[in-house]
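Source file: protein-v8.cif. Holds: mmCIF, C-alpha atoms.
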```cif
data_upload
loop_
_atom_site.label_atom_id
_atom_site.label_comp_id
_atom_site.auth_asym_id
_atom_site.auth_seq_id
_atom_site.Cartn_x
_atom_site.Cartn_y
_atom_site.Cartn_z
CA MET A 767 22.34 -49.33 48.41
CA ALA A 768 25.62 -50.19 50.15
CA ASP A 769 23.83 -52.81 52.26
CA THR A 770 22.13 -54.17 49.15
CA PHE A 771 25.42 -54.64 47.31
CA ALA A 772 27.05 -56.25 50.36
CA TYR A 773 24.10 -58.64 50.50
CA CYS A 774 24.58 -59.55 46.82
CA LEU A 775 28.28 -60.24 47.38
CA LYS A 776 27.51 -62.47 50.37
CA GLN A 777 24.77 -64.39 48.58
CA GLY A 778 26.63 -64.63 45.25
CA ILE A 779 23.82 -62.99 43.30
CA LEU A 780 23.01 -60.00 41.14
CA GLY A 781 19.55 -58.73 40.38
CA VAL A 782 16.81 -56.21 40.86
CA GLY A 783 13.85 -55.62 43.16
CA TRP A 784 10.15 -55.97 42.31
CA ARG A 785 9.61 -58.10 45.42
CA VAL A 786 6.30 -59.64 46.47
CA ASP A 787 5.27 -60.73 49.94
CA GLU A 788 3.46 -63.89 48.86
CA ILE A 789 6.51 -65.75 47.49
CA LYS A 790 9.88 -66.47 49.10
CA GLU A 791 11.54 -68.15 46.15
CA THR A 792 10.70 -69.82 42.86
CA ALA A 793 12.33 -70.65 39.54
CA ASP A 794 8.98 -70.60 37.73
CA TRP A 795 8.30 -67.31 35.96
CA ASN A 796 4.54 -67.81 35.71
CA THR A 797 4.25 -68.36 39.47
CA PHE A 798 6.03 -65.09 40.13
CA TYR A 799 4.31 -63.16 37.34
CA LYS A 800 0.76 -63.99 38.42
CA VAL A 801 1.40 -62.49 41.84
CA ALA A 802 3.74 -59.63 40.87
CA VAL A 803 1.78 -58.17 37.95
CA ASP A 804 -0.98 -56.89 40.25
CA THR A 805 1.54 -55.16 42.51
CA HIS A 806 4.11 -53.80 40.10
CA LYS A 807 2.37 -53.59 36.69
CA ASP A 808 5.62 -53.03 34.73
CA LEU A 809 7.91 -56.06 34.98
CA LYS A 810 10.02 -55.38 31.87
CA THR A 811 13.34 -55.35 33.72
CA CYS A 812 12.59 -58.68 35.41
CA ALA A 813 11.56 -60.14 32.05
CA TYR A 814 14.77 -58.80 30.47
CA ILE A 815 16.82 -60.80 32.98
CA ARG A 816 14.68 -63.89 32.34
CA ASP A 817 15.07 -63.58 28.55
CA HIS A 818 18.65 -62.38 28.17
CA VAL A 819 20.84 -63.36 31.12
CA GLN A 820 22.12 -66.90 30.68
CA LYS A 821 24.59 -69.23 32.33
CA ASP A 822 28.23 -68.34 31.53
CA ASP A 823 27.41 -64.74 30.55
CA LEU A 824 29.76 -62.12 31.96
CA VAL A 825 28.34 -59.09 33.76
CA TRP A 826 30.02 -55.87 34.87
CA THR A 827 28.77 -54.17 38.01
CA ARG A 828 30.01 -51.67 40.60
CA ASP A 829 29.31 -50.77 44.21
CA THR A 830 28.44 -47.42 45.75
CA GLN A 831 32.13 -46.58 46.31
CA GLY A 832 32.92 -46.99 42.61
CA ASN A 833 34.64 -50.38 42.92
CA TYR A 834 34.11 -52.49 39.80
CA TYR A 835 33.37 -56.20 39.70
CA LEU A 836 33.18 -58.72 36.88
CA ALA A 837 30.75 -61.57 37.48
CA ARG A 838 30.30 -64.91 35.73
CA VAL A 839 26.68 -66.04 35.58
CA LEU A 840 25.98 -69.45 37.15
CA SER A 841 22.21 -69.63 36.56
CA GLY A 842 19.36 -67.92 34.77
CA TRP A 843 16.52 -65.92 36.30
CA GLU A 844 14.90 -66.93 39.56
CA TYR A 845 12.93 -65.21 42.30
CA PHE A 846 14.89 -65.47 45.54
CA THR A 847 14.61 -63.77 48.92
CA THR A 848 15.94 -64.53 52.40
CA ASN A 849 14.93 -63.62 55.93
CA GLU A 850 17.66 -60.97 55.80
CA SER A 851 16.32 -59.31 52.66
CA ARG A 852 12.63 -59.59 53.58
CA GLY A 853 13.15 -58.03 56.97
CA SER A 854 15.12 -55.02 55.75
CA GLY A 855 15.36 -52.38 53.06
CA ILE A 856 17.35 -54.73 50.81
CA ASP A 857 15.22 -54.67 47.68
CA ILE A 858 16.50 -57.69 45.75
CA GLY A 859 14.20 -60.42 44.48
CA ASN A 860 14.64 -61.11 40.78
CA ILE A 861 18.15 -62.49 40.64
CA PHE A 862 20.68 -64.64 38.85
CA ARG A 863 23.50 -66.42 40.65
CA VAL A 864 27.11 -65.41 39.97
CA THR A 865 30.69 -65.67 41.07
CA PHE A 866 32.52 -62.35 41.47
CA GLU A 867 35.97 -61.00 40.67
CA ARG A 868 36.85 -57.54 41.96
CA LEU A 869 38.86 -55.37 39.56
CA THR A 870 40.93 -52.27 40.04
CA ILE A 871 39.59 -49.17 38.31
CA ASP A 872 42.55 -49.04 35.93
CA GLU A 873 41.57 -52.48 34.55
CA VAL A 874 38.09 -51.34 33.49
CA PRO A 875 37.84 -50.21 29.82
CA GLY A 876 36.35 -46.82 29.03
CA LYS A 877 33.49 -48.38 27.04
CA VAL A 878 32.32 -50.25 30.13
CA VAL A 879 32.56 -47.17 32.35
CA ALA A 880 30.52 -45.21 29.77
CA CYS A 881 27.77 -47.84 29.86
CA PHE A 882 27.12 -47.06 33.53
CA ARG A 883 26.24 -43.43 32.72
CA PRO A 884 22.77 -43.93 31.20
CA ASN A 885 20.01 -44.41 33.74
CA ARG A 886 19.46 -48.11 32.97
CA THR A 887 19.23 -50.96 35.41
CA ILE A 888 20.79 -53.51 33.06
CA GLN A 889 21.93 -53.35 29.45
CA ALA A 890 23.88 -55.41 26.95
CA ILE A 891 27.31 -54.35 25.69
CA HIS A 892 27.60 -55.16 21.99
CA ASP A 893 30.98 -53.58 21.21
CA PRO A 894 33.23 -56.47 20.02
CA LYS A 895 36.33 -54.86 21.56
CA ALA A 896 34.69 -54.63 24.98
CA VAL A 897 33.37 -58.20 24.67
CA ALA A 898 36.80 -59.61 23.76
CA TYR A 899 38.48 -57.65 26.56
CA THR A 900 35.91 -58.84 29.11
CA LYS A 901 36.54 -62.48 28.18
CA PHE A 902 40.30 -61.93 28.28
CA ILE A 903 40.10 -60.38 31.76
CA TRP A 904 37.99 -63.21 33.13
CA ASN A 905 40.45 -65.78 31.75
CA ARG A 906 43.30 -63.87 33.36
CA LYS A 907 41.53 -63.75 36.74
CA ALA A 908 40.47 -67.41 36.52
CA GLY A 909 43.94 -68.53 35.45
CA GLY A 910 42.73 -70.49 32.45
CA ALA A 911 41.19 -70.32 28.97
CA ILE A 912 37.54 -70.31 30.13
CA TYR A 913 36.34 -68.15 27.22
CA GLU A 914 37.44 -67.96 23.62
CA PHE A 915 37.79 -64.47 22.19
CA ASP A 916 38.37 -63.83 18.53
CA LEU A 917 40.15 -60.57 17.77
CA LYS A 918 39.88 -61.41 14.08
CA LEU A 919 36.26 -60.22 14.31
CA ILE A 920 37.76 -56.72 14.65
CA ASP A 921 38.97 -55.11 11.43
CA ASN A 922 42.78 -55.04 11.25
CA PRO A 923 43.33 -55.66 14.97
CA ASP A 924 46.08 -53.50 16.45
CA ILE A 925 46.41 -51.65 19.72
CA PHE A 926 44.52 -48.58 18.50
CA SER A 927 41.63 -50.64 17.17
CA LEU A 928 41.35 -52.25 20.62
CA LEU A 929 41.29 -48.92 22.47
CA ASP A 930 38.04 -46.98 22.59
CA SER A 931 38.03 -43.25 21.82
CA GLU A 932 38.22 -42.17 25.46
CA GLU A 933 41.16 -44.49 26.10
CA VAL A 934 43.03 -42.99 23.13
CA GLU A 935 42.32 -39.48 24.43
CA ASP A 936 43.65 -40.53 27.84
CA LEU A 937 46.73 -42.07 26.25
CA VAL A 938 47.52 -38.81 24.42
CA PHE A 939 46.79 -36.98 27.69
CA LEU A 940 49.38 -39.10 29.54
CA TYR A 941 51.92 -38.95 26.71
CA LEU A 942 51.80 -35.15 26.61
CA GLN A 943 52.30 -34.95 30.34
CA SER A 944 55.34 -37.21 29.99
CA GLN A 945 56.60 -34.62 27.48
CA ARG A 946 56.11 -31.83 30.04
CA TRP A 947 52.80 -30.59 28.71
CA TYR A 948 50.31 -30.36 31.57
CA VAL A 949 46.60 -30.69 30.98
CA VAL A 950 44.17 -28.09 32.34
CA PRO A 951 41.47 -30.35 33.90
CA ASN A 952 38.63 -27.85 33.53
CA SER A 953 39.27 -27.60 29.78
CA ARG A 954 38.15 -31.19 29.24
CA LYS A 955 34.44 -30.54 28.76
CA ALA A 956 31.86 -31.56 26.19
CA ASP A 957 31.25 -27.97 25.09
CA LYS A 958 34.81 -27.71 23.72
CA MET A 959 33.66 -28.64 20.23
CA ALA A 960 36.92 -28.17 18.33
CA PHE A 961 39.38 -29.60 20.87
CA GLU A 962 39.60 -32.28 23.55
CA TYR A 963 41.54 -30.25 26.12
CA GLU A 964 44.09 -27.49 26.73
CA VAL A 965 47.71 -28.09 27.77
CA ILE A 966 50.40 -25.80 29.19
CA SER A 967 54.20 -26.00 28.97
CA PRO A 968 55.78 -24.90 32.29
CA GLU A 969 59.09 -24.23 30.52
CA THR A 970 57.74 -21.82 27.90
CA GLY A 971 54.40 -20.80 29.37
CA LYS A 972 52.74 -21.65 26.05
CA HIS A 973 49.15 -22.86 25.95
CA ALA A 974 48.13 -25.36 23.25
CA GLN A 975 44.88 -27.03 22.23
CA VAL A 976 44.73 -30.78 21.56
CA GLN A 977 42.61 -32.63 19.02
CA VAL A 978 42.40 -36.45 18.89
CA LYS A 979 40.77 -38.60 16.21
CA THR A 980 40.52 -42.38 15.94
CA GLY A 981 39.58 -44.67 13.05
CA ASN A 982 39.26 -43.28 9.54
CA PRO A 983 38.37 -39.57 9.98
CA SER A 984 41.42 -37.55 8.93
CA LEU A 985 42.83 -34.32 10.35
CA ASN A 986 43.58 -31.46 7.95
CA VAL A 987 46.50 -29.37 9.18
CA ASP A 988 45.40 -26.45 6.98
CA GLU A 989 42.31 -25.96 9.14
CA TYR A 990 44.48 -24.97 12.10
CA LYS A 991 47.22 -22.88 10.44
CA ASN A 992 45.58 -19.51 11.07
CA MET A 993 44.89 -20.08 14.75
CA THR A 994 46.69 -17.77 17.15
CA PHE A 995 47.81 -20.56 19.50
CA PRO A 996 49.74 -23.84 19.13
CA VAL A 997 47.73 -26.94 18.19
CA ILE A 998 48.66 -30.56 18.88
CA LEU A 999 46.98 -33.25 16.75
CA PHE A 1000 46.81 -37.01 16.96
CA GLN A 1001 45.17 -39.31 14.41
CA SER A 1002 45.47 -42.99 15.31
CA ASN A 1003 46.10 -44.09 11.70
CA ASP A 1004 48.42 -41.18 10.78
CA ARG A 1005 45.71 -39.75 8.50
CA TYR A 1006 47.03 -36.18 8.29
CA HIS A 1007 46.51 -33.86 5.31
CA GLY A 1008 47.69 -30.37 4.44
CA LYS A 1009 51.04 -28.61 4.52
CA PRO A 1010 53.23 -28.42 7.63
CA THR A 1011 52.72 -25.18 9.57
CA PRO A 1012 54.73 -23.82 12.54
CA ASN A 1013 51.86 -23.71 15.02
CA VAL A 1014 50.68 -27.31 14.44
CA THR A 1015 52.36 -30.44 15.83
CA CYS A 1016 51.22 -33.87 14.63
CA ILE A 1017 51.95 -36.78 16.97
CA SER A 1018 52.77 -39.89 14.97
CA ARG A 1019 51.22 -43.26 15.61
CA GLY A 1020 54.72 -44.66 16.15
CA GLU A 1021 55.40 -42.20 18.97
CA LEU A 1022 52.38 -43.39 20.91
CA GLU A 1023 53.06 -47.06 20.17
CA GLY A 1024 56.58 -46.62 21.56
CA PHE A 1025 55.15 -44.86 24.63
CA LEU A 1026 52.75 -47.76 25.18
CA LYS A 1027 55.44 -50.43 24.92
CA GLN A 1028 58.09 -48.68 27.02
CA THR A 1029 55.97 -47.22 29.82
CA GLY A 1030 55.27 -49.56 32.72
CA TRP A 1031 53.15 -47.19 34.81
CA LEU A 1032 50.23 -46.83 32.41
CA PRO A 1033 46.78 -48.05 33.57
CA ALA A 1034 46.44 -51.82 33.49
CA ARG A 1035 43.80 -51.77 30.73
CA TYR A 1036 46.50 -50.70 28.26
CA ARG A 1037 48.84 -53.50 29.30
CA HIS A 1038 46.01 -56.03 29.16
CA LYS A 1039 45.12 -54.99 25.62
CA MET A 1040 48.75 -55.25 24.54
CA ASN A 1041 48.74 -58.77 26.01
CA MET A 1042 45.58 -59.55 24.00
CA LEU A 1043 47.43 -58.62 20.82
CA ASN A 1044 50.41 -60.74 21.83
CA ALA A 1045 48.06 -63.70 22.30
CA LEU A 1046 46.73 -63.16 18.76
CA ASP A 1047 50.27 -63.02 17.37
CA GLU A 1048 51.10 -66.32 19.13
CA GLU A 1049 48.08 -67.99 17.52
CA GLU A 1050 49.22 -66.89 14.07
#
```
Could you write out this structure as structure tokens?
Amino acid sequence: MADTFAYCLKQGILGVGWRVDEIKETADWNTFYKVAVDTHKDLKTCAYIRDHVQKDDLVWTRDTQGNYYLARVLSGWEYFTTNESRGSGIDIGNIFRVTFERLTIDEVPGKVVACFRPNRTIQAIHDPKAVAYTKFIWNRKAGGAIYEFDLKLIDNPDIFSLLDSEEVEDLVFLYLQSQRWYVVPNSRKADKMAFEYEVISPETGKHAQVQVKTGNPSLNVDEYKNMTFPVILFQSNDRYHGKPTPNVTCISRGELEGFLKQTGWLPARYRHKMNMLNALDEEE
């Protein structure tokens, strides 16, 4: 797989396998299909590229070392092989031509990372926040306004509406550590139904559980008042209900906004999304 990705970078292509020996290259789907259908039977992934990948689309990909790339599509589907690919284990044939930009991991939004987890060869990303961010990043890398992105398609655009749920959890994670609460890594598991993770204060030795909600779902402080341990809550729209109780701390939206604006060491995706908002403000 490492050799395959290196080959794609060198050739300026992305694609999938389903190669046939009878054809070296063609841009005619029917020519390829007539030969390939007898060998491979299921050509749905190749057809998906033919039907959905178009010039000027943007595609996220990554290599075997976990380096992420953003690619701008230069052409639609074609069948393309070389002497190098045909004489090796490089299984690439159904391709589209691209130009690549390599990104650092801290520039890649959580929504994009999550889309690599399902066992799918290629899939569309429909989330408007991820789409706008992807266009913004390409413009930044290209040094010009190649793509238009309309944040007004997002309801009440602000920094928390641009962050996905995992990015908000990470932001709270980093904020708490800046406040001398240290996260227990093993506590951040899917089976922790009530809380996102556990934190510890080295000064007091106290352990606390953290709950994070984004969007409209509110957090009711009364649900946590009888727990025998401290609880830290964050709701991105300050939607808290119930009476104050000694064991529950509610982080305000303003606290995290201030942390975002004043902290220069946060992952680049946060700074990029703040810059997206600034661009919207300039338009208005």
Next on the checklist: Evaluate the PyMOL selection byres ((chain A and resi 932) around 12) against this structure - the residues, as a ChimeraX atom specification, please.
Outcome noted: /A:875-880,926,928-931,933-939,954,962,978-980
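Closest to Leu940 (chain A) among A:Thr870, A:Thr1015, A:Val965, A:Val819 is A:Val965, based on only C-alpha atoms.
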Output of the PyMOL selection byres ((chain A and resi 858) around 6), listed as a short mmCIF file (atom, residue, chain, number, x, y, z; two decimals) with C-alpha atoms, keeping the file's coordinate frame:
```
data_model
loop_
_atom_site.label_atom_id
_atom_site.label_comp_id
_atom_site.auth_asym_id
_atom_site.auth_seq_id
_atom_site.Cartn_x
_atom_site.Cartn_y
_atom_site.Cartn_z
CA VAL A 782 16.81 -56.21 40.86
CA GLY A 783 13.85 -55.62 43.16
CA ILE A 856 17.35 -54.73 50.81
CA ASP A 857 15.22 -54.67 47.68
CA GLY A 859 14.20 -60.42 44.48
#
```
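Going from CA of Arg828 (chain A) to CA of Phe771 (chain A) covers 8.7 Å.
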Item to check | Picked residues, the PyMOL selection byres ((chain A and resi 983) around 10), as a count of residues only | outcome: 12
Item to check | Atomic separation - CA of Ser927 (chain A) relative to CA of Tyr913 (chain A), Å | outcome: 20.9 Å
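With CA of Met1040 (chain A) on one side and CA of Ala911 (chain A) on the other, the separation reads 17.4 Å.
Between Leu942 (chain A) and the candidates A:Leu1022, A:Gly971, A:Ile891, A:Leu869, the tightest atom-to-atom separation, counting only C-alpha atoms, involves A:Leu1022.
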Item to check | Top pick for closest residue to Gly781 (chain A), considering A:Asn860, A:Thr797, A:Gln943, A:Thr830 and counting all atoms listed in the file | outcome: A:Asn860
Item to check | Close residues, Ala960 (chain A) itself excluded, 10 Å, all atoms listed in the file, min 5 positions apart in chain, as number ranges by chain | outcome: A: 975-978
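Using all atoms listed in the file, the smallest distance between any of A:Leu1026, A:Leu809, A:Leu840, A:Ile779 and Lys821 (chain A) comes from A:Leu840.
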Checklist entry - Pick from A:Leu824, A:Cys774, A:Ala974, A:Leu1043: nearest to Tyr990 (chain A), with only C-alpha atoms counted? => result A:Ala974
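When all atoms listed in the file are used to measure the gap to Tyr799 (chain A), the shortest distance among A:Trp947, A:Phe866, A:Trp784, A:Tyr899 belongs to A:Trp784.
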Item to check | Test item: residues at most 10 Å from Gln777 (chain A), all atoms listed in the file, excluding those fewer than 3 positions along its chain, as a PyMOL selection string | outcome: chain A and resi 771-774+780+848+863-865
Checklist entry - Excluding same-chain residues fewer than 4 positions from Asp787 (chain A), what lies within 12 Å of it counting all atoms listed in the file, as an NGL selection string? => result :A and (791 or 798 or 801-802 or 805 or 845-849 or 851-853 or 857 or 859)
Would you pick out the contacts of Arg816 (chain A) at 10 Å or less, using all atoms listed in the file, so that residues sharing its chain but fewer than 6 positions from it are not included, and give the list as a tab-separated table (two decimals) with C-alpha atoms, keeping the file's coordinate frame?
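New file out.tsv:
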```tsv
chain	number	residue	atom	x	y	z
A	795	TRP	CA	8.30	-67.31	35.96
A	810	LYS	CA	10.02	-55.38	31.87
A	842	GLY	CA	19.36	-67.92	34.77
A	843	TRP	CA	16.52	-65.92	36.30
A	844	GLU	CA	14.90	-66.93	39.56
A	860	ASN	CA	14.64	-61.11	40.78
A	861	ILE	CA	18.15	-62.49	40.64
A	862	PHE	CA	20.68	-64.64	38.85
```
Excluding Thr994 (chain A) and its own-chain neighbours fewer than 2 positions away, which residues fall within 12 Å of it when counting all atoms listed in the file? Please give them as a PDB file with C-alpha atoms, keeping the file's coordinate frame.
```pdb
ATOM      1  CA  LYS A 972      52.740 -21.650  26.050  1.00  0.00           C
ATOM      2  CA  HIS A 973      49.150 -22.860  25.950  1.00  0.00           C
ATOM      3  CA  ALA A 974      48.130 -25.360  23.250  1.00  0.00           C
ATOM      4  CA  GLN A 975      44.880 -27.030  22.230  1.00  0.00           C
ATOM      5  CA  TYR A 990      44.480 -24.970  12.100  1.00  0.00           C
ATOM      6  CA  LYS A 991      47.220 -22.880  10.440  1.00  0.00           C
ATOM      7  CA  ASN A 992      45.580 -19.510  11.070  1.00  0.00           C
ATOM      8  CA  PRO A 996      49.740 -23.840  19.130  1.00  0.00           C
ATOM      9  CA  VAL A 997      47.730 -26.940  18.190  1.00  0.00           C
ATOM     10  CA  PRO A1012      54.730 -23.820  12.540  1.00  0.00           C
ATOM     11  CA  ASN A1013      51.860 -23.710  15.020  1.00  0.00           C
ATOM     12  CA  VAL A1014      50.680 -27.310  14.440  1.00  0.00           C
TER      13      VAL A1014
END
```
